Every structure is written in C-alpha cells, then in structure tokens.
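Novice: Contents are mmCIF, C-alpha atoms and all ligand atoms; file name work28.cif:
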```cif
data_entry
#
loop_
_atom_site.group_PDB
_atom_site.id
_atom_site.type_symbol
_atom_site.label_atom_id
_atom_site.label_comp_id
_atom_site.auth_asym_id
_atom_site.auth_seq_id
_atom_site.Cartn_x
_atom_site.Cartn_y
_atom_site.Cartn_z
ATOM 1 C CA MET N 1 19.851 2.730 13.018
ATOM 2 C CA GLN N 2 18.589 5.384 10.615
ATOM 3 C CA ASP N 3 19.029 5.477 6.889
ATOM 4 C CA ASN N 4 18.787 8.558 4.718
ATOM 5 C CA ASN N 5 15.038 8.220 4.301
ATOM 6 C CA THR N 6 14.167 8.245 7.969
ATOM 7 C CA VAL N 7 14.166 10.840 10.646
ATOM 8 C CA GLN N 8 13.919 10.637 14.413
ATOM 9 C CA ILE N 9 10.963 12.819 15.332
ATOM 10 C CA ALA N 10 11.539 12.781 19.049
ATOM 11 C CA SER N 11 13.736 10.763 21.305
ATOM 12 C CA ASP N 12 10.966 8.625 22.732
ATOM 13 C CA TYR N 13 9.185 7.915 19.436
ATOM 14 C CA LYS N 14 9.939 5.414 16.760
ATOM 15 C CA VAL N 15 11.398 6.567 13.495
ATOM 16 C CA PHE N 16 8.963 7.365 10.702
ATOM 17 C CA ASP N 17 9.779 7.158 7.037
ATOM 18 C CA GLN N 18 10.145 10.435 5.289
ATOM 19 C CA CYS N 19 10.602 10.423 1.573
ATOM 20 C CA LYS N 20 11.521 14.106 1.670
ATOM 21 C CA THR N 21 12.749 16.242 4.514
ATOM 22 C CA SER N 22 10.159 18.307 6.333
ATOM 23 C CA ASP N 23 11.657 21.467 4.808
ATOM 24 C CA GLU N 24 10.576 20.223 1.403
ATOM 25 C CA ILE N 25 7.073 19.224 2.491
ATOM 26 C CA LYS N 26 5.081 22.370 3.034
ATOM 27 C CA VAL N 27 1.940 22.465 5.131
ATOM 28 C CA PRO N 28 -0.674 23.719 2.640
ATOM 29 C CA GLU N 29 -2.198 27.159 3.083
ATOM 30 C CA TYR N 30 -5.756 25.889 3.524
ATOM 31 C CA LEU N 31 -4.626 23.758 6.460
ATOM 32 C CA GLN N 32 -2.628 26.566 8.011
ATOM 33 C CA ASP N 33 -5.353 29.178 7.550
ATOM 34 C CA THR N 34 -8.473 27.131 8.278
ATOM 35 C CA TYR N 35 -7.512 24.218 10.468
ATOM 36 C CA TRP N 36 -4.414 25.354 12.424
ATOM 37 C CA TRP N 37 -6.445 25.191 15.642
ATOM 38 C CA ALA N 38 -7.579 21.614 14.987
ATOM 39 C CA TYR N 39 -4.492 19.926 13.562
ATOM 40 C CA LEU N 40 -1.344 22.049 13.604
ATOM 41 C CA HIS N 41 -1.048 23.806 16.937
ATOM 42 C CA PRO N 42 0.661 21.583 19.558
ATOM 43 C CA THR N 43 -2.274 22.073 21.940
ATOM 44 C CA SER N 44 -4.718 20.884 19.265
ATOM 45 C CA VAL N 45 -3.728 17.291 19.997
ATOM 46 C CA GLN N 46 -4.117 17.824 23.734
ATOM 47 C CA ILE N 47 -7.610 19.210 23.172
ATOM 48 C CA PHE N 48 -8.976 16.981 20.426
ATOM 49 C CA GLU N 49 -7.356 13.632 21.157
ATOM 50 C CA ARG N 50 -10.349 12.449 23.180
ATOM 51 C CA GLN N 51 -12.628 9.701 22.042
ATOM 52 C CA TRP N 52 -15.733 11.349 23.524
ATOM 53 C CA LEU N 53 -14.991 14.635 21.743
ATOM 54 C CA VAL N 54 -14.508 13.134 18.277
ATOM 55 C CA ASN N 55 -17.647 11.123 18.906
ATOM 56 C CA LEU N 56 -19.528 14.306 19.830
ATOM 57 C CA ILE N 57 -18.280 16.075 16.664
ATOM 58 C CA LEU N 58 -19.805 13.217 14.663
ATOM 59 C CA TRP N 59 -23.055 13.359 16.665
ATOM 60 C CA GLY N 60 -22.385 10.066 18.444
ATOM 61 C CA ASN N 61 -21.535 8.215 15.233
ATOM 62 C CA PHE N 62 -17.753 7.849 15.473
ATOM 63 C CA ALA N 63 -17.674 4.099 16.203
ATOM 64 C CA ARG N 64 -20.394 3.392 13.660
ATOM 65 C CA LEU N 65 -18.576 5.302 10.921
ATOM 66 C CA ARG N 66 -15.181 3.872 11.852
ATOM 67 C CA ASP N 67 -16.548 0.320 11.791
ATOM 68 C CA ALA N 68 -18.437 0.965 8.567
ATOM 69 C CA ALA N 69 -15.076 1.786 6.985
ATOM 70 C CA LEU N 70 -13.147 -1.055 8.574
ATOM 71 C CA ASP N 71 -15.788 -3.710 7.900
ATOM 72 C CA GLU N 72 -15.182 -3.078 4.199
ATOM 73 C CA LEU N 73 -11.634 -4.312 4.714
ATOM 74 C CA GLY N 74 -12.752 -7.348 6.707
ATOM 75 C CA GLU N 75 -12.585 -8.558 10.292
ATOM 76 C CA THR N 76 -8.987 -9.383 9.577
ATOM 77 C CA ILE N 77 -7.209 -6.833 7.427
ATOM 78 C CA GLU N 78 -4.705 -8.365 5.058
ATOM 79 C CA GLY N 79 -2.176 -7.145 2.524
ATOM 80 C CA ASN N 80 -0.743 -3.679 2.064
ATOM 81 C CA ASN N 81 -3.019 -0.943 3.435
ATOM 82 C CA LEU N 82 -2.875 2.847 3.332
ATOM 83 C CA GLN N 83 -4.629 5.311 5.635
ATOM 84 C CA VAL N 84 -4.569 8.762 4.057
ATOM 85 C CA ALA N 85 -4.368 11.278 6.946
ATOM 86 C CA CYS N 86 -4.450 10.807 10.685
ATOM 87 C CA VAL N 87 -7.701 10.683 12.606
ATOM 88 C CA TYR N 88 -8.285 11.619 16.242
ATOM 89 C CA GLY N 89 -9.657 8.844 18.467
ATOM 90 C CA ASP N 90 -8.967 5.139 18.131
ATOM 91 C CA PHE N 91 -9.381 4.818 14.355
ATOM 92 C CA SER N 92 -5.821 3.694 13.624
ATOM 93 C CA GLN N 93 -5.647 1.465 16.720
ATOM 94 C CA GLN N 94 -8.745 -0.340 15.483
ATOM 95 C CA VAL N 95 -7.173 -0.788 12.050
ATOM 96 C CA SER N 96 -4.074 -2.138 13.732
ATOM 97 C CA ASN N 97 -6.127 -4.511 15.943
ATOM 98 C CA ARG N 98 -7.554 -6.077 12.784
ATOM 99 C CA LEU N 99 -4.267 -6.104 10.895
ATOM 100 C CA LYS N 100 -2.797 -9.542 10.212
ATOM 101 C CA SER N 101 0.732 -9.840 11.540
ATOM 102 C CA ASP N 102 2.213 -10.397 8.079
ATOM 103 C CA SER N 103 0.294 -7.436 6.588
ATOM 104 C CA GLU N 104 1.137 -3.738 6.583
ATOM 105 C CA LEU N 105 -0.478 -0.426 7.390
ATOM 106 C CA HIS N 106 0.989 2.808 6.079
ATOM 107 C CA ILE N 107 -0.331 6.080 7.503
ATOM 108 C CA VAL N 108 0.413 9.412 5.849
ATOM 109 C CA ASP N 109 -0.205 12.918 7.078
ATOM 110 C CA ILE N 110 1.328 16.279 6.316
ATOM 111 C CA ALA N 111 1.441 17.641 9.867
ATOM 112 C CA PRO N 112 4.378 16.514 12.039
ATOM 113 C CA VAL N 113 2.368 16.986 15.241
ATOM 114 C CA GLN N 114 -0.250 14.558 13.905
ATOM 115 C CA LEU N 115 2.409 12.022 12.927
ATOM 116 C CA GLU N 116 3.922 12.194 16.396
ATOM 117 C CA ASN N 117 0.481 11.715 17.895
ATOM 118 C CA VAL N 118 -0.373 8.645 15.823
ATOM 119 C CA GLN N 119 3.052 7.221 16.539
ATOM 120 C CA ARG N 120 2.312 7.553 20.258
ATOM 121 C CA LYS N 121 -0.998 5.750 19.772
ATOM 122 C CA LEU N 122 0.650 2.825 17.948
ATOM 123 C CA PRO N 123 3.832 2.019 19.794
ATOM 124 C CA GLY N 124 6.214 -0.720 18.752
ATOM 125 C CA GLN N 125 4.361 -2.197 15.777
ATOM 126 C CA ASP N 126 6.821 -3.123 13.095
ATOM 127 C CA ASN N 127 4.216 -3.611 10.391
ATOM 128 C CA ILE N 128 2.922 -0.020 10.755
ATOM 129 C CA HIS N 129 4.767 2.707 8.878
ATOM 130 C CA ILE N 130 4.170 6.408 9.331
ATOM 131 C CA HIS N 131 5.095 8.875 6.613
ATOM 132 C CA GLN N 132 5.058 12.606 6.201
ATOM 133 C CA GLN N 133 3.421 13.034 2.826
ATOM 134 C CA ASP N 134 0.916 15.269 1.097
ATOM 135 C CA SER N 135 -2.275 13.450 0.074
ATOM 136 C CA THR N 136 -2.141 15.312 -3.253
ATOM 137 C CA ALA N 137 1.290 13.969 -4.200
ATOM 138 C CA LEU N 138 1.847 10.596 -2.541
ATOM 139 C CA HIS N 139 5.330 9.148 -2.847
ATOM 140 C CA PHE N 140 4.109 5.624 -3.437
ATOM 141 C CA GLU N 141 4.309 3.653 -6.658
ATOM 142 C CA ASP N 142 1.205 3.146 -8.781
ATOM 143 C CA GLU N 143 -0.987 0.160 -7.797
ATOM 144 C CA GLN N 144 0.872 -0.553 -4.563
ATOM 145 C CA PHE N 145 -1.955 -1.009 -2.031
ATOM 146 C CA ASP N 146 -4.697 -3.584 -1.539
ATOM 147 C CA ASN N 147 -6.813 -1.055 0.364
ATOM 148 C CA VAL N 148 -6.792 2.711 0.799
ATOM 149 C CA ILE N 149 -8.877 4.463 3.485
ATOM 150 C CA VAL N 150 -9.751 8.163 3.327
ATOM 151 C CA PHE N 151 -11.698 9.001 6.497
ATOM 152 C CA PHE N 152 -13.206 12.501 6.755
ATOM 153 C CA LEU N 153 -10.386 14.194 4.847
ATOM 154 C CA LEU N 154 -12.068 15.277 1.605
ATOM 155 C CA HIS N 155 -14.470 17.784 3.194
ATOM 156 C CA GLU N 156 -11.530 19.602 4.742
ATOM 157 C CA GLN N 157 -9.841 20.261 1.409
ATOM 158 C CA PRO N 158 -10.541 22.873 -1.262
ATOM 159 C CA GLU N 159 -11.968 21.340 -4.423
ATOM 160 C CA THR N 160 -8.752 21.308 -6.487
ATOM 161 C CA VAL N 161 -6.892 19.695 -3.583
ATOM 162 C CA ARG N 162 -9.713 17.210 -3.000
ATOM 163 C CA ALA N 163 -9.632 16.160 -6.660
ATOM 164 C CA LYS N 164 -5.900 15.451 -6.435
ATOM 165 C CA THR N 165 -6.352 13.447 -3.209
ATOM 166 C CA VAL N 166 -9.042 11.306 -4.826
ATOM 167 C CA ALA N 167 -6.879 10.764 -7.913
ATOM 168 C CA GLU N 168 -3.876 9.793 -5.791
ATOM 169 C CA ALA N 169 -5.923 7.312 -3.755
ATOM 170 C CA MET N 170 -7.093 5.683 -6.993
ATOM 171 C CA ARG N 171 -3.595 5.716 -8.481
ATOM 172 C CA VAL N 172 -1.917 3.870 -5.618
ATOM 173 C CA VAL N 173 -4.547 1.130 -5.206
ATOM 174 C CA LYS N 174 -4.048 -2.153 -7.072
ATOM 175 C CA PRO N 175 -6.486 -3.288 -9.748
ATOM 176 C CA GLY N 176 -9.175 -5.129 -7.775
ATOM 177 C CA GLY N 177 -8.228 -3.230 -4.601
ATOM 178 C CA LYS N 178 -10.608 -0.964 -2.690
ATOM 179 C CA VAL N 179 -10.608 2.720 -1.873
ATOM 180 C CA VAL N 180 -12.926 3.407 1.077
ATOM 181 C CA PHE N 181 -14.139 6.989 1.486
ATOM 182 C CA LEU N 182 -16.113 8.071 4.547
ATOM 183 C CA ASP N 183 -17.211 11.688 4.657
ATOM 184 C CA TYR N 184 -20.037 14.164 5.003
ATOM 185 C CA HIS N 185 -22.962 14.079 2.577
ATOM 186 C CA LYS N 186 -26.028 16.244 1.997
ATOM 187 C CA PRO N 187 -28.727 14.932 4.390
ATOM 188 C CA HIS N 188 -32.257 14.044 3.316
ATOM 189 C CA PRO N 189 -34.672 17.029 3.363
ATOM 190 C CA ALA N 190 -36.509 15.575 6.403
ATOM 191 C CA ASN N 191 -33.310 15.279 8.429
ATOM 192 C CA PRO N 192 -32.941 18.306 10.775
ATOM 193 C CA PHE N 193 -29.163 18.011 10.447
ATOM 194 C CA ARG N 194 -29.550 19.259 6.873
ATOM 195 C CA TYR N 195 -30.291 22.672 8.395
ATOM 196 C CA ILE N 196 -28.297 22.443 11.657
ATOM 197 C CA MET N 197 -25.072 21.570 9.835
ATOM 198 C CA VAL N 198 -25.133 24.412 7.302
ATOM 199 C CA PRO N 199 -23.977 27.188 9.696
ATOM 200 C CA ILE N 200 -21.617 24.825 11.535
ATOM 201 C CA LEU N 201 -19.900 23.636 8.380
ATOM 202 C CA THR N 202 -19.947 27.011 6.680
ATOM 203 C CA ILE N 203 -18.249 28.741 9.607
ATOM 204 C CA LEU N 204 -15.859 26.032 10.816
ATOM 205 C CA GLU N 205 -15.302 23.926 7.708
ATOM 206 C CA PRO N 206 -15.613 26.215 4.698
ATOM 207 C CA PHE N 207 -14.816 23.558 2.063
ATOM 208 C CA ALA N 208 -17.216 20.962 3.447
ATOM 209 C CA MET N 209 -20.260 21.936 1.399
ATOM 210 C CA GLY N 210 -18.277 20.773 -1.629
ATOM 211 C CA VAL N 211 -18.924 17.154 -0.641
ATOM 212 C CA TRP N 212 -22.640 17.907 -0.196
ATOM 213 C CA ASN N 213 -22.987 19.245 -3.675
ATOM 214 C CA LYS N 214 -20.962 16.792 -5.761
ATOM 215 C CA GLU N 215 -20.338 13.060 -5.836
ATOM 216 C CA ILE N 216 -16.881 11.721 -4.958
ATOM 217 C CA ILE N 217 -16.813 9.852 -8.281
ATOM 218 C CA ASP N 218 -16.882 13.284 -9.998
ATOM 219 C CA TRP N 219 -13.310 13.850 -8.785
ATOM 220 C CA VAL N 220 -11.934 10.597 -10.201
ATOM 221 C CA PRO N 221 -10.004 11.253 -13.425
ATOM 222 C CA ALA N 222 -10.941 9.358 -16.563
ATOM 223 C CA GLY N 223 -7.956 6.988 -16.559
ATOM 224 C CA LEU N 224 -8.558 5.873 -12.972
ATOM 225 C CA ARG N 225 -12.299 5.188 -12.968
ATOM 226 C CA PRO N 226 -13.279 2.271 -10.718
ATOM 227 C CA LYS N 227 -14.578 -1.036 -12.114
ATOM 228 C CA LYS N 228 -17.213 -1.020 -9.400
ATOM 229 C CA MET N 229 -18.580 1.550 -6.996
ATOM 230 C CA THR N 230 -21.040 1.381 -4.104
ATOM 231 C CA LYS N 231 -22.412 4.285 -2.112
ATOM 232 C CA GLU N 232 -24.285 4.101 1.163
ATOM 233 C CA THR N 233 -25.514 6.990 3.268
ATOM 234 C CA LEU N 234 -25.762 6.934 7.047
ATOM 235 C CA PHE N 235 -27.491 8.953 9.785
ATOM 236 C CA GLY N 236 -30.251 10.284 7.569
ATOM 237 C CA GLY N 237 -27.852 11.033 4.758
ATOM 238 C CA LEU N 238 -25.427 13.241 6.756
ATOM 239 C CA TYR N 239 -22.584 10.809 6.104
ATOM 240 C CA GLN N 240 -21.573 8.716 3.116
ATOM 241 C CA LYS N 241 -19.509 5.612 2.594
ATOM 242 C CA VAL N 242 -18.272 5.233 -0.954
ATOM 243 C CA ILE N 243 -16.311 2.167 -1.983
ATOM 244 C CA MET N 244 -14.473 2.222 -5.286
ATOM 245 C CA THR N 245 -12.967 -0.990 -6.574
ATOM 246 C CA ARG N 246 -10.220 -0.240 -9.089
HETATM 247 C C1 LIG N 301 -8.412 13.024 8.293
HETATM 248 S S1 LIG N 301 -8.694 14.668 8.467
HETATM 249 C C2 LIG N 301 -10.057 14.733 9.618
HETATM 250 C C3 LIG N 301 -10.285 13.569 10.501
HETATM 251 C C4 LIG N 301 -11.323 13.715 11.564
HETATM 252 N N1 LIG N 301 -12.080 14.932 11.443
HETATM 253 C C5 LIG N 301 -10.718 13.594 12.927
HETATM 254 O O1 LIG N 301 -11.446 13.498 13.873
HETATM 255 O O2 LIG N 301 -9.520 13.546 13.100
HETATM 256 C C6 LIG N 301 -7.495 15.447 9.436
HETATM 257 C C7 LIG N 301 -6.043 15.196 9.062
HETATM 258 O O3 LIG N 301 -5.810 15.455 7.705
HETATM 259 C C8 LIG N 301 -4.494 15.973 7.579
HETATM 260 N N2 LIG N 301 -4.355 16.601 6.260
HETATM 261 C C9 LIG N 301 -5.031 17.656 5.764
HETATM 262 N N3 LIG N 301 -4.606 17.958 4.517
HETATM 263 C C10 LIG N 301 -3.657 17.030 4.202
HETATM 264 C C11 LIG N 301 -2.851 16.788 3.062
HETATM 265 N N4 LIG N 301 -2.932 17.572 1.967
HETATM 266 N N5 LIG N 301 -2.007 15.761 3.084
HETATM 267 C C12 LIG N 301 -1.904 14.957 4.168
HETATM 268 N N6 LIG N 301 -2.622 15.139 5.286
HETATM 269 C C13 LIG N 301 -3.497 16.166 5.309
HETATM 270 C C14 LIG N 301 -4.372 16.923 8.756
HETATM 271 O O4 LIG N 301 -3.035 17.210 9.075
HETATM 272 C C15 LIG N 301 -5.092 16.122 9.849
HETATM 273 O O5 LIG N 301 -4.218 15.335 10.597
#
```
Could you take the file, read its structure, and then write that structure out as structure tokens?

Specialist:
Amino acid sequence: MQDNNTVQIASDYKVFDQCKTSDEIKVPEYLQDTYWWAYLHPTSVQIFERQWLVNLILWGNFARLRDAALDELGETIEGNNLQVACVYGDFSQQVSNRLKSDSELHIVDIAPVQLENVQRKLPGQDNIHIHQQDSTALHFEDEQFDNVIVFFLLHEQPETVRAKTVAEAMRVVKPGGKVVFLDYHKPHPANPFRYIMVPILTILEPFAMGVWNKEIIDWVPAGLRPKKMTKETLFGGLYQKVIMTR
C-alpha cells in the first residue's frame, strides 16, 4: 500500500519515500551539465556500476576508502544512519551488511536513476529507506541521525552547493553523533598523483580542486561547528577522511 509520501518507481522495485514529488525536486544544473554522463543518463548505471571500474577510478583504493568510512561507524552499525548520495559499487551493501537489524539506514540522492539502482542493490530490507532529496535542502528534522556519511560527493559540487551540503549534514546529526566525510585532498608534493590528478580533475571534475584548496571545516557554519574533529589523509594525501563529532 502507498501513502501520499511514497511513489512506486518501477513495478519490480520497492517503494521509496519521497517528501516531494519529482516535479518539485529539480536536478541541479551542475549535475546536468557536468555529470550527466556519469549519473543521470540511463546508460551511466550500466557503464559505471562495476566494482572494478569504481576501484580503478580511485586508483585501487575503493575498498580501503569504503572501509575507512565504515570503520568509523563500527563493525556493527547501530542507530539511525544517513548516507548522503548514492555511490557506485558495493558501498551501500557493505553499510547494510553491518547494520543492526533494529537500526536504520536512509539513503538520499537527487537522481531517480541512481535511486532505482541503489534500490536494486538492496532488495527487501525493511530498515533501509531511499529518498529523493537534494543534499543542500534535506527534508529531515534537525539532530535526527546518529551518523551521517558523505562519500565523494563534495568534490562534485560547486562551492556554494558544497557549503550547503556540509551545513545540512551537520544540522541533521545528533549532538554527539558523527559526520564522516571521505573525499579528495591535495596530495603531498612528493606524491606523483599531485601532478597526474590536476588535468584529470580539471577536465572531468571541474569543482574538485575546491576540496584541494580548502578544509571541509571551512564550510561548516558557525552555529554547527563540531565539538571534535579528526582528519586523516590516505594514499599520499590524495584522499581525506574527516570526522566531525557534533
Ligand atoms: C556520491 S557522488 C560520487 C560517488 C562516487 N564517485 C561513485 O563512485 O559513485 C555521486 C552521487 O551524488 C548525487 N548527487 C549530486 N548532487 C546531489 C545533490 N545536490 N543532492 C543529492 N544527490 C546529489 C548524484 O546523483 C550521484 O548519484
């Protein structure tokens, strides 16, 4: 049975919660213009939904980065958890494998094709809820989640959008809860990827240098500053894991 807040996205998929209809939620211009080939076109899922390919894009580090994020939440993930944006590969399945049966995972994304894809990857799990929402204007209450994960989303957003995403992640996490950011970072001068990645990111991911040149904490608004923050870099500084405890 459907209520007014849910929509059937395709006959063979479960229902996902939609706080607004898809007509009201607009795919942002930056996503349409820059990343249509990666996330919006129906064939993008057919092309990119391969573990080996997402691993290659991260220079063989996918599992290491995924586990670095998930280990922050524990071997068993408890409470109310939010994943901001879908991720190709087995990221969400691994979250769900660790999820305690009486705990919840909410996954938001703005692109219907991505929501359908993640729904396919996580069939029949009643404690997983999939929502069409914009990371810059989440429809959740303040302080609702024990953990929020933002995995390789910030570098794909223009700076003003990125700042709103960071603020929203901090807004919806409970006091004492964690926001886990994994993303690109400016590598150490001796790391060859510091030079290899510049043309790749500049051409394919034009907003990515923004996360090389500023700290994620710089996008947290004054009223939502974390009580505690840790930052670790990986793979010679090409990647960063930043944990903010509200
Ligand atoms: C998490 S990021 C990149 C993840 C990683 N590169 C991968 O391998 O999938 C990609 C996702 O972010 C989503 N996204 C981008 N901007 C968004 C926004 N403003 N709100 C919600 N989702 C967004 C895209 O639709 C896409 O599914």

Novice: Near Phe235 of chain N, counting all atoms listed in the file, which residues have an atom at most 10 Å away, once you skip same-chain residues fewer than 2 positions from it, shown as a ChimeraX atom specification?

Specialist: /N:59,61,64-65,185,187-188,191,193,233,237-240

Novice: Convert the current residue selection to file output with C-alpha atoms, as a PDB file, in the coordinates of the input.

Specialist:
```
ATOM      1  CA  TRP N  59     -23.055  13.359  16.665  1.00  0.00           C
ATOM      2  CA  ASN N  61     -21.535   8.215  15.233  1.00  0.00           C
ATOM      3  CA  ARG N  64     -20.394   3.392  13.660  1.00  0.00           C
ATOM      4  CA  LEU N  65     -18.576   5.302  10.921  1.00  0.00           C
ATOM      5  CA  HIS N 185     -22.962  14.079   2.577  1.00  0.00           C
ATOM      6  CA  PRO N 187     -28.727  14.932   4.390  1.00  0.00           C
ATOM      7  CA  HIS N 188     -32.257  14.044   3.316  1.00  0.00           C
ATOM      8  CA  ASN N 191     -33.310  15.279   8.429  1.00  0.00           C
ATOM      9  CA  PHE N 193     -29.163  18.011  10.447  1.00  0.00           C
ATOM     10  CA  THR N 233     -25.514   6.990   3.268  1.00  0.00           C
ATOM     11  CA  GLY N 237     -27.852  11.033   4.758  1.00  0.00           C
ATOM     12  CA  LEU N 238     -25.427  13.241   6.756  1.00  0.00           C
ATOM     13  CA  TYR N 239     -22.584  10.809   6.104  1.00  0.00           C
ATOM     14  CA  GLN N 240     -21.573   8.716   3.116  1.00  0.00           C
TER      15      GLN N 240
END
```

Novice: Around all of ligand LIG 301 (chain N)'s listed atoms, make the axis-aligned box with 4 Å on each side and tell me centre and edge lengths in Å to one decimal, as lines of an AutoDock Vina configuration file.

Specialist:
```
center_x = -7.0
center_y = 15.5
center_z = 7.9
size_x = 18.2
size_y = 12.9
size_z = 19.9
```

Novice: List as a ChimeraX atom specification the protein and nucleic acid residues lying within 7 Å of ligand LIG 301 (chain N), with only C-alpha atoms and all ligand atoms counted.

Specialist: /N:28,31,39-40,54,84-89,108-111,114,133-136,151-153,156-157

Novice: For the residues in that selection, give me C-alpha atoms as a JSON list (two decimals), in the coordinates of the input.

Specialist:
```json
[["chain", "number", "residue", "atom", "x", "y", "z"],
["N", 28, "PRO", "CA", -0.67, 23.72, 2.64],
["N", 31, "LEU", "CA", -4.63, 23.76, 6.46],
["N", 39, "TYR", "CA", -4.49, 19.93, 13.56],
["N", 40, "LEU", "CA", -1.34, 22.05, 13.60],
["N", 54, "VAL", "CA", -14.51, 13.13, 18.28],
["N", 84, "VAL", "CA", -4.57, 8.76, 4.06],
["N", 85, "ALA", "CA", -4.37, 11.28, 6.95],
["N", 86, "CYS", "CA", -4.45, 10.81, 10.68],
["N", 87, "VAL", "CA", -7.70, 10.68, 12.61],
["N", 88, "TYR", "CA", -8.28, 11.62, 16.24],
["N", 89, "GLY", "CA", -9.66, 8.84, 18.47],
["N", 108, "VAL", "CA", 0.41, 9.41, 5.85],
["N", 109, "ASP", "CA", -0.20, 12.92, 7.08],
["N", 110, "ILE", "CA", 1.33, 16.28, 6.32],
["N", 111, "ALA", "CA", 1.44, 17.64, 9.87],
["N", 114, "GLN", "CA", -0.25, 14.56, 13.90],
["N", 133, "GLN", "CA", 3.42, 13.03, 2.83],
["N", 134, "ASP", "CA", 0.92, 15.27, 1.10],
["N", 135, "SER", "CA", -2.28, 13.45, 0.07],
["N", 136, "THR", "CA", -2.14, 15.31, -3.25],
["N", 151, "PHE", "CA", -11.70, 9.00, 6.50],
["N", 152, "PHE", "CA", -13.21, 12.50, 6.76],
["N", 153, "LEU", "CA", -10.39, 14.19, 4.85],
["N", 156, "GLU", "CA", -11.53, 19.60, 4.74],
["N", 157, "GLN", "CA", -9.84, 20.26, 1.41]]
```

Novice: For the provided coordinates, the residues matched by the PyMOL selection byres (((chain N and resi 215) around 12) and not hetatm) should be stated as a short mmCIF file (atom, residue, chain, number, x, y, z; two decimals) with C-alpha atoms, in the coordinates of the input.

Specialist:
```
data_model
loop_
_atom_site.label_atom_id
_atom_site.label_comp_id
_atom_site.auth_asym_id
_atom_site.auth_seq_id
_atom_site.Cartn_x
_atom_site.Cartn_y
_atom_site.Cartn_z
CA LEU N 154 -12.07 15.28 1.60
CA HIS N 155 -14.47 17.78 3.19
CA GLU N 159 -11.97 21.34 -4.42
CA ARG N 162 -9.71 17.21 -3.00
CA ALA N 163 -9.63 16.16 -6.66
CA VAL N 166 -9.04 11.31 -4.83
CA PHE N 181 -14.14 6.99 1.49
CA ASP N 183 -17.21 11.69 4.66
CA TYR N 184 -20.04 14.16 5.00
CA HIS N 185 -22.96 14.08 2.58
CA LYS N 186 -26.03 16.24 2.00
CA MET N 209 -20.26 21.94 1.40
CA GLY N 210 -18.28 20.77 -1.63
CA VAL N 211 -18.92 17.15 -0.64
CA TRP N 212 -22.64 17.91 -0.20
CA ASN N 213 -22.99 19.24 -3.68
CA LYS N 214 -20.96 16.79 -5.76
CA ILE N 216 -16.88 11.72 -4.96
CA ILE N 217 -16.81 9.85 -8.28
CA ASP N 218 -16.88 13.28 -10.00
CA TRP N 219 -13.31 13.85 -8.78
CA VAL N 220 -11.93 10.60 -10.20
CA MET N 229 -18.58 1.55 -7.00
CA THR N 230 -21.04 1.38 -4.10
CA LYS N 231 -22.41 4.28 -2.11
CA GLN N 240 -21.57 8.72 3.12
CA LYS N 241 -19.51 5.61 2.59
CA VAL N 242 -18.27 5.23 -0.95
#
```

Novice: Under the rule that all atoms listed in the file are counted, which of N:Asn81, N:Gln32, N:Ser92, N:Asn55 is the nearest residue to Phe140 of chain N?

Specialist: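 Checking each of N:Asn81, N:Gln32, N:Ser92, N:Asn55 against Phe140 of chain N, counting all atoms listed in the file, the winner is N:Asn81.
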
Novice: If I take atom CA of Pro175 of chain N and atom CA of Arg66 of chain N, how far is one from the other in Å, to one decimal?

Specialist: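 Atom-to-atom, atom CA of Pro175 of chain N and atom CA of Arg66 of chain N are spaced 24.4 Å apart.
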
Novice: With the file shown as input, list the residues that the PyMOL selection byres (((chain N and resi 83) around 6) and not hetatm) selects, as a list in words.

Specialist: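 With the PyMOL selection byres (((chain N and resi 83) around 6) and not hetatm) on this model, the match is Leu82, Val84, Ile107, Val148 and Ile149 of chain N.
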
Novice: When you look at Ala190 of chain N with a cut-off of 10 Å (counting only C-alpha atoms), what residues show up, excluding the ones that are within fewer than 4 positions of it in the same chain? I need them as a PyMOL selection string.

Specialist: chain N and resi 194-195+236-237

Novice: Just say which residues the PyMOL selection byres (((chain N and resi 206) around 10) and not hetatm) picks in this file, as a list of chain:residue names.

Specialist: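 Output of the PyMOL selection byres (((chain N and resi 206) around 10) and not hetatm): N:Tyr30, N:Thr34, N:His155, N:Glu156, N:Gln157, N:Pro158, N:Pro199, N:Ile200, N:Leu201, N:Thr202, N:Ile203, N:Leu204, N:Glu205, N:Phe207, N:Ala208, N:Met209, N:Gly210.
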
Novice: Put those residues in a file: C-alpha atoms, as an mmCIF file, keeping the file's coordinate frame.

Specialist:
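Written output follows (part.cif):
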```cif
data_model
loop_
_atom_site.group_PDB
_atom_site.id
_atom_site.type_symbol
_atom_site.label_atom_id
_atom_site.label_comp_id
_atom_site.auth_asym_id
_atom_site.auth_seq_id
_atom_site.Cartn_x
_atom_site.Cartn_y
_atom_site.Cartn_z
ATOM 1 C CA TYR N 30 -5.756 25.889 3.524
ATOM 2 C CA THR N 34 -8.473 27.131 8.278
ATOM 3 C CA HIS N 155 -14.470 17.784 3.194
ATOM 4 C CA GLU N 156 -11.530 19.602 4.742
ATOM 5 C CA GLN N 157 -9.841 20.261 1.409
ATOM 6 C CA PRO N 158 -10.541 22.873 -1.262
ATOM 7 C CA PRO N 199 -23.977 27.188 9.696
ATOM 8 C CA ILE N 200 -21.617 24.825 11.535
ATOM 9 C CA LEU N 201 -19.900 23.636 8.380
ATOM 10 C CA THR N 202 -19.947 27.011 6.680
ATOM 11 C CA ILE N 203 -18.249 28.741 9.607
ATOM 12 C CA LEU N 204 -15.859 26.032 10.816
ATOM 13 C CA GLU N 205 -15.302 23.926 7.708
ATOM 14 C CA PHE N 207 -14.816 23.558 2.063
ATOM 15 C CA ALA N 208 -17.216 20.962 3.447
ATOM 16 C CA MET N 209 -20.260 21.936 1.399
ATOM 17 C CA GLY N 210 -18.277 20.773 -1.629
#
```
